[in-house]
Structures are given as C-alpha cells and as structure tokens.
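Engineer: One structure, as structure tokens, below. Some questions next.
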Amino acid sequence: MNAKVLLFSVAAAALAAGGCSREELVKASAPPTSVNVPAAGNTAPTARAGAQAAGGAMQMLPDFAAIVDGNKGAVVNITATKIVSPRAQSSPRAQSPFGANPGGGDDDEDDPLSQFFRRFQAPVPRLPLQGMGSGFIVHAEGVVLTNAHVVEGADEVRVKLSDRREFKGKVAGVDRLTDVAVVKIDAKDLPMVKLGDPSQIRVGEWVLAIGSPFGFENTVTAGIVSGTSRSLPEGTYVPFIQTDAAVNPGNSGGPLFNMRGEVIGVTSAIYSRTGGYMGVAFAIPIDVASSVAEQLLKTGKVERGRIGIGIQDLNATLAKSFGLERPQGALVSAVEPGGPAEKAGVKPGDVILSYNGKPIDNSNQLPPLVAATKPGTKATMELWRDGKKQSLNVAIAELKEDQVAKAKQGGGDTDRGGKLGLAVRSLSPEERKELGAPQGVVVEQVGGPAARAGIQPGDVITAVNGTPIKSPDDLRRQVEKAKGSVALLVRRGDASLFVPIEIG
C-alpha cells in the first residue's frame, strides 16, 4: 500500500550513549489564494532554457546553475528538537520480563512488582528527538516559510543559513490543514526568494527543488511538473503540485522553483512504498502557503469559508444520468440542513460547474476555492439542474466541524426496486428524526445490478436521478422511468454519495 511520506528526517540522540541514529518519519494517508507574504528584493537570474543548436535539430537542457546561484542564500536548514522520555520511543512492556513498566507510566497499579520498580528505580534521563527539514526566507527581516510537520510540537527550533550562521527560531504560527508554518528569526537584511504565480504552471515544465535531504544542506534536484491540482488524503484544501524532482526526508519545507527563479511551491510529501523517493513528489502551491502565512502572522489563525455541502466526482455513467455531455463539475451528494448552501437553494443532485467564475472540472478543485473565500461574503455558483444551467448566490460561513447524523436500521414495510435487485423499506419515524431527513428508503437485501454497483444492506436511498424518494413505490416509479442507467443518492454512515447503476 502506498503511504504519504512527510519529508522530515528524524534522529533520536541517546545522551547516555553519546551517539545518534536516524529514521524516517512516515505518516500514513498526507486555502486559498490571497495576497503574498510581504517580500521585496532582486529577482533570481533568468535561466537559459530551450536554446537551440544550429539547424534547430537539438535543444539544450535548462541552465539550473543561475537559479541556484541567485537563491541558495535564501534556503535554510531547520532542526527541530523535542525532549521525550525513553518510554515514548520504545515499548517498556516488551522489555520487562514481568510485564510491568519499571519506569512508571502505563503500569498496573495493583501489581506489587510495578510499585517496587517505581519506588526503587533511578530517574530515567529525558532524551532529545531531533528532526531536520528545510525552509526559505520570504522577508528580509527574518520570516521563514516551512512545513507544519517540521516544527509543530518542537521544544526548540534552530535555523541555519547557507553562510553557516545559526539562529534560534520562534514558531509564529502553524496550520495543520495545509501543512504550512511560519518561523521567525532575529535577523535583518537577509536574502530572500521571489514568489511566483502557480496558476501559470504547465504540466511538463522544468522545476528545481532546493533543500536538505538527510541533512545534506543546499542539495539541488531538478525535474518537471507532472501534475497539478492533485488531491491527497488530509489535503482537502490544497491543490498540490505534483513533480518528479527527487526529494527525500529532510526536503520538507524547501522551495520549488520555476525556470524564472520564482518559488511556485513548498515541498511537502512524497508517495512511496519504501519511505524513500520513487518519482512522485508533492508541493503546496505558493499562493496557498503565502496566504496562510500572512494570516498566521497577522492573527495567529487561518480563516476559511464553507458552504455546507458534500461533493463527489462524476464518472461517465453519472454524467449521462444527469444529462451532461461529459463528466465535469462537482456533484452535490449532501446538503447540510440549515447551512449556507441549503439557504441558497442548493440541492443534492446539483452539479456545480463554476465558482465565482472559475470553471470546476473535477470535485477536488472546489474545496480550495470555497476555503479561500472570506466568511461573510457572497459567492456565485453556476449549477446544472434538471438538464439546464442556473446561477445561485451563496453566503459564505466560517469553516467548522460538520456533524452528520448516522443512519440506523429499523422495522417497516418492504418492497423491491425491480430492475435494481433491491429489497427496501420505508424509513421509520425514529430514523427520519435521527437522520434529519424527511425522505428515503432503507436497503434490506441487495443483489443484481445494485450489488455489482456496491449498494449494501443498511444504505439509505434518498433520491434517484436527483428526485427525492419517500417510499418504495417512489423508488420503483423513478427506476421504471429511467433509461440505460440511474444515479442513486445513497447515505451510508457519515457520508452521502451518488452511485451510478447500469440497468440496460
């Protein structure tokens, strides 16, 4: 299984032994456009790219050296230290032949051996856990941008410049949702990078990464942009830039440059089966990172917009079910009762084609745009509903944790969904109250096309092709009217999603 690897090189220093060992910190799984963090200064030298040989038969590789010379002084090495006890780094019970914890902690209070060890064992020294990452200077007065996972929870942060000067860093703010952090150091007149425009990125263009993989400072690697607007687990509000520039643990927080010498991203993660680089790396677009950094510096927190909907991508079958020529947009699978979207008239089954004039080709493009919208303002959305386009204005609320009721099974009447191969029953009054929904039927048995599409017993079908379902008869009528395929809006646990089913 692939894992998202946060590019943070970790070393535990054993004080008693006087040595150190290194290991990679691996985490399973891995908003918004705004004004950049104030930065001014000389631009990096322009690289020579695409110079053609005589006759136009050959092209020379880009000149990366000019970009490195113009920016290496603004790239820093960051060492974060956290003091932990040995028990946090190992399993005491695995070491103790008695199953007790000689050092205290998670021991059995009723075990006399545990009490004995706790009373008579000498105090255990606390050990420093060190991690190394990268960063870059965005303001000459000592403002450094890096990843949140590089410095979050650290007891001490040290920032080392390319000229070997070292400073104690102060974490000015951390945002986990985007994995962005700001560190300040007491220094002036520092070299700094120039920020670019990620919206101008083209897949296939050359990029350059500078960082400290495995502690090797100012290491330079090059590659191309291999994808844009990538959505990753735990990265809902970041349209990641994908690149094949080689990055490894220790590169976290380093800059990704375009061929104009401008920073277009913050190196953040790789996908890997081994924990090391395998050709796919991801960077946070600099407009997202700089907007977050600006808010952290001003207020210490990040404000995000929300409209209260659940969305999913459309495949060819779903697009056909809703009368679209091709799969596009974000399909609304759930609308929060009383939320901004419901008040504006958004319904499950709507397909959001654009947001504030920006086209939505797939669903992962929408959350960053909504999050970037200031709460209290209004946004315009173009929807596809009942075979035609329409526009709605929605008031943006502030992002907070959504709560969705869970479905329960109960007694009631049963009926069959004909072509689908379903046995369903009406929702009981208790279930309607629990779900906060006035319509839907519960799946009790499943087979045929519905089973092949992934429908499960306990699912609640609330709509067919965008039409609400209140009873088994409603389901039968809507399925009989459909031609070729149907799109069922299904509620399962905490989630709602459309499931396309081919019915011939």
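Ligands are numbered from 1 in the order shown, residues from 1 within each chain, and chains are lettered A, B, ... in the order they appear in the structure tokens.
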Mind the document's chain letters and residue numbers, and return as a ChimeraX atom specification the residues of segment 177-306 of chain A that DSSP labels strand (DSSP E or B).

Structural biologist: /A:180-184,194-195,206-211,219-230,240-243,255-257,262-272,281-285,305-306

Engineer: Would you mind exporting the chosen residues as a short mmCIF file (atom, residue, chain, number, x, y, z; two decimals), in the first residue's frame, restricted to N, CA and C atoms?

Structural biologist:
data_model
loop_
_atom_site.label_atom_id
_atom_site.label_comp_id
_atom_site.auth_asym_id
_atom_site.auth_seq_id
_atom_site.Cartn_x
_atom_site.Cartn_y
_atom_site.Cartn_z
N VAL A 180 1.37 24.16 6.62
CA VAL A 180 2.20 25.36 6.47
C VAL A 180 2.53 25.92 7.85
N ALA A 181 3.76 26.38 8.02
CA ALA A 181 4.18 27.02 9.27
C ALA A 181 5.08 28.20 8.96
N VAL A 182 5.08 29.17 9.89
CA VAL A 182 5.93 30.35 9.77
C VAL A 182 6.87 30.39 10.98
N VAL A 183 8.17 30.54 10.71
CA VAL A 183 9.18 30.66 11.76
C VAL A 183 9.86 32.02 11.62
N LYS A 184 10.06 32.71 12.74
CA LYS A 184 10.74 33.99 12.72
C LYS A 184 12.09 33.88 13.43
N LYS A 194 11.85 35.19 -4.50
CA LYS A 194 10.74 35.88 -5.15
C LYS A 194 9.63 34.86 -5.36
N LEU A 195 8.39 35.26 -5.05
CA LEU A 195 7.26 34.34 -5.18
C LEU A 195 6.64 34.43 -6.56
N TRP A 206 9.95 22.59 -16.58
CA TRP A 206 11.04 22.28 -15.65
C TRP A 206 10.83 22.98 -14.30
N VAL A 207 11.21 22.28 -13.23
CA VAL A 207 11.20 22.86 -11.88
C VAL A 207 12.45 22.42 -11.14
N LEU A 208 12.78 23.15 -10.10
CA LEU A 208 14.01 22.92 -9.34
C LEU A 208 13.68 22.93 -7.86
N ALA A 209 14.16 21.94 -7.11
CA ALA A 209 13.95 21.88 -5.66
C ALA A 209 15.28 22.04 -4.94
N ILE A 210 15.27 22.85 -3.88
CA ILE A 210 16.46 23.01 -3.04
C ILE A 210 16.06 22.70 -1.60
N GLY A 211 16.86 21.89 -0.92
CA GLY A 211 16.54 21.54 0.46
C GLY A 211 17.69 20.80 1.13
N THR A 219 21.01 20.98 -1.08
CA THR A 219 21.02 19.98 -2.14
C THR A 219 20.02 20.38 -3.23
N VAL A 220 20.43 20.29 -4.48
CA VAL A 220 19.62 20.74 -5.60
C VAL A 220 19.21 19.54 -6.45
N THR A 221 17.92 19.44 -6.75
CA THR A 221 17.42 18.41 -7.67
C THR A 221 16.47 19.06 -8.65
N ALA A 222 16.36 18.48 -9.84
CA ALA A 222 15.52 19.07 -10.89
C ALA A 222 14.60 18.01 -11.47
N GLY A 223 13.50 18.48 -12.04
CA GLY A 223 12.54 17.58 -12.69
C GLY A 223 11.53 18.41 -13.45
N ILE A 224 10.38 17.83 -13.67
CA ILE A 224 9.31 18.55 -14.35
C ILE A 224 8.04 18.51 -13.49
N VAL A 225 7.11 19.40 -13.82
CA VAL A 225 5.77 19.34 -13.22
C VAL A 225 5.05 18.17 -13.88
N SER A 226 4.65 17.18 -13.09
CA SER A 226 3.99 16.00 -13.65
C SER A 226 2.49 15.99 -13.40
N GLY A 227 1.98 17.00 -12.70
CA GLY A 227 0.54 17.10 -12.49
C GLY A 227 0.22 18.33 -11.65
N THR A 228 -1.01 18.80 -11.74
CA THR A 228 -1.45 19.95 -10.95
C THR A 228 -2.79 19.64 -10.31
N SER A 229 -3.13 20.42 -9.30
CA SER A 229 -4.42 20.29 -8.59
C SER A 229 -4.65 18.86 -8.09
N ARG A 230 -3.61 18.25 -7.57
CA ARG A 230 -3.75 16.90 -7.01
C ARG A 230 -4.36 16.97 -5.63
N PHE A 240 -2.40 20.29 -4.68
CA PHE A 240 -0.96 20.05 -4.74
C PHE A 240 -0.40 20.08 -6.15
N ILE A 241 0.85 20.55 -6.25
CA ILE A 241 1.63 20.44 -7.47
C ILE A 241 2.38 19.11 -7.40
N GLN A 242 2.26 18.31 -8.44
CA GLN A 242 2.99 17.04 -8.48
C GLN A 242 4.24 17.22 -9.35
N THR A 243 5.36 16.67 -8.90
CA THR A 243 6.61 16.80 -9.63
C THR A 243 7.43 15.53 -9.51
N PRO A 255 11.85 25.12 -1.00
CA PRO A 255 11.17 25.75 -2.11
C PRO A 255 11.24 24.94 -3.40
N LEU A 256 10.21 25.08 -4.22
CA LEU A 256 10.18 24.53 -5.57
C LEU A 256 10.16 25.72 -6.53
N PHE A 257 11.18 25.83 -7.39
CA PHE A 257 11.34 26.98 -8.27
C PHE A 257 10.90 26.66 -9.70
N GLU A 262 11.49 31.78 -9.62
CA GLU A 262 10.43 32.15 -8.67
C GLU A 262 9.96 30.90 -7.93
N VAL A 263 9.64 31.06 -6.65
CA VAL A 263 9.11 29.93 -5.88
C VAL A 263 7.63 29.74 -6.24
N ILE A 264 7.30 28.54 -6.67
CA ILE A 264 5.90 28.24 -7.01
C ILE A 264 5.28 27.23 -6.05
N GLY A 265 6.11 26.64 -5.16
CA GLY A 265 5.56 25.67 -4.24
C GLY A 265 6.46 25.40 -3.05
N VAL A 266 5.89 24.75 -2.03
CA VAL A 266 6.61 24.33 -0.84
C VAL A 266 6.62 22.81 -0.80
N THR A 267 7.79 22.21 -0.93
CA THR A 267 7.90 20.75 -0.94
C THR A 267 7.32 20.18 0.35
N SER A 268 6.43 19.18 0.21
CA SER A 268 5.70 18.72 1.39
C SER A 268 5.72 17.22 1.59
N ALA A 269 5.51 16.43 0.52
CA ALA A 269 5.33 14.99 0.72
C ALA A 269 5.69 14.22 -0.53
N ILE A 270 5.90 12.92 -0.35
CA ILE A 270 6.07 12.00 -1.46
C ILE A 270 5.13 10.83 -1.27
N TYR A 271 4.82 10.13 -2.35
CA TYR A 271 4.13 8.85 -2.25
C TYR A 271 5.17 7.77 -2.46
N SER A 272 5.22 6.79 -1.56
CA SER A 272 6.29 5.82 -1.61
C SER A 272 5.87 4.50 -0.97
N ALA A 281 6.42 13.35 -6.18
CA ALA A 281 6.51 14.25 -5.02
C ALA A 281 5.44 15.33 -5.15
N PHE A 282 5.12 15.96 -4.02
CA PHE A 282 4.04 16.95 -3.99
C PHE A 282 4.48 18.23 -3.27
N ALA A 283 4.04 19.34 -3.81
CA ALA A 283 4.37 20.65 -3.23
C ALA A 283 3.10 21.46 -3.05
N ILE A 284 3.05 22.24 -1.97
CA ILE A 284 1.93 23.14 -1.71
C ILE A 284 2.10 24.38 -2.59
N PRO A 285 1.11 24.74 -3.40
CA PRO A 285 1.24 25.95 -4.23
C PRO A 285 1.56 27.16 -3.36
N GLY A 305 -13.59 29.70 4.45
CA GLY A 305 -15.00 29.71 4.14
C GLY A 305 -15.56 28.30 4.01
N ARG A 306 -16.86 28.20 4.17
CA ARG A 306 -17.55 26.92 3.98
C ARG A 306 -18.98 27.18 3.52
#

Engineer: Find the spatial neighbours of Glu325 of chain A, counting only C-alpha atoms, within a cut-off of 12 Å - ignore same-chain residues fewer than 6 positions away - and output them as a PyMOL selection string.

Structural biologist: chain A and resi 314-319+384+387-388

Engineer: When distances are computed from only C-alpha atoms, which of A:Leu324, A:Val144, A:Ile201, A:Leu497 shows the smallest separation from Leu353 of chain A?

Structural biologist: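 Checking each of A:Leu324, A:Val144, A:Ile201, A:Leu497 against Leu353 of chain A, counting only C-alpha atoms, the winner is A:Leu324.
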
Engineer: So the first atom is atom CA of Val464 of chain A and the second is atom CA of Glu430 of chain A; what is the distance between them in Å, to one decimal place?

Structural biologist: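 Between these atoms lies a distance of 22.9 Å.
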
Engineer: Contacts of Ile501 of chain A at 10 Å or less, counting only C-alpha atoms, minus same-chain residues fewer than 2 places along, as a list of chain:residue names?

Structural biologist: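 Residues meeting the cut-off are A:Thr317, A:Leu318, A:Ser321, A:Leu420, A:Pro449, A:Ala450, A:Ala451, A:Arg452, A:Ala453, A:Gly454, A:Ile455, A:Gly484, A:Ser485, A:Val486, A:Ala487, A:Leu488, A:Phe498, A:Val499, A:Ile503, A:Gly504.
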
Engineer: Which of these, A:Lys160, A:Asp197, A:Gln390, A:Met259, has the shortest distance to Ala65 of chain A once you count only C-alpha atoms?

Structural biologist: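 Under the stated criterion, the closest residue is A:Met259.
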
Engineer: Quote the spacing between atom CA of Ile352 of chain A and atom CA of Pro340 of chain A in Å to one decimal place.

Structural biologist: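 Atom CA of Ile352 of chain A sits 14.9 Å away from atom CA of Pro340 of chain A.
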
Engineer: Enter the distance from atom CA of Leu489 of chain A to atom CA of Val238 of chain A, in Å, rounded to one decimal.

Structural biologist: 27.1 Å
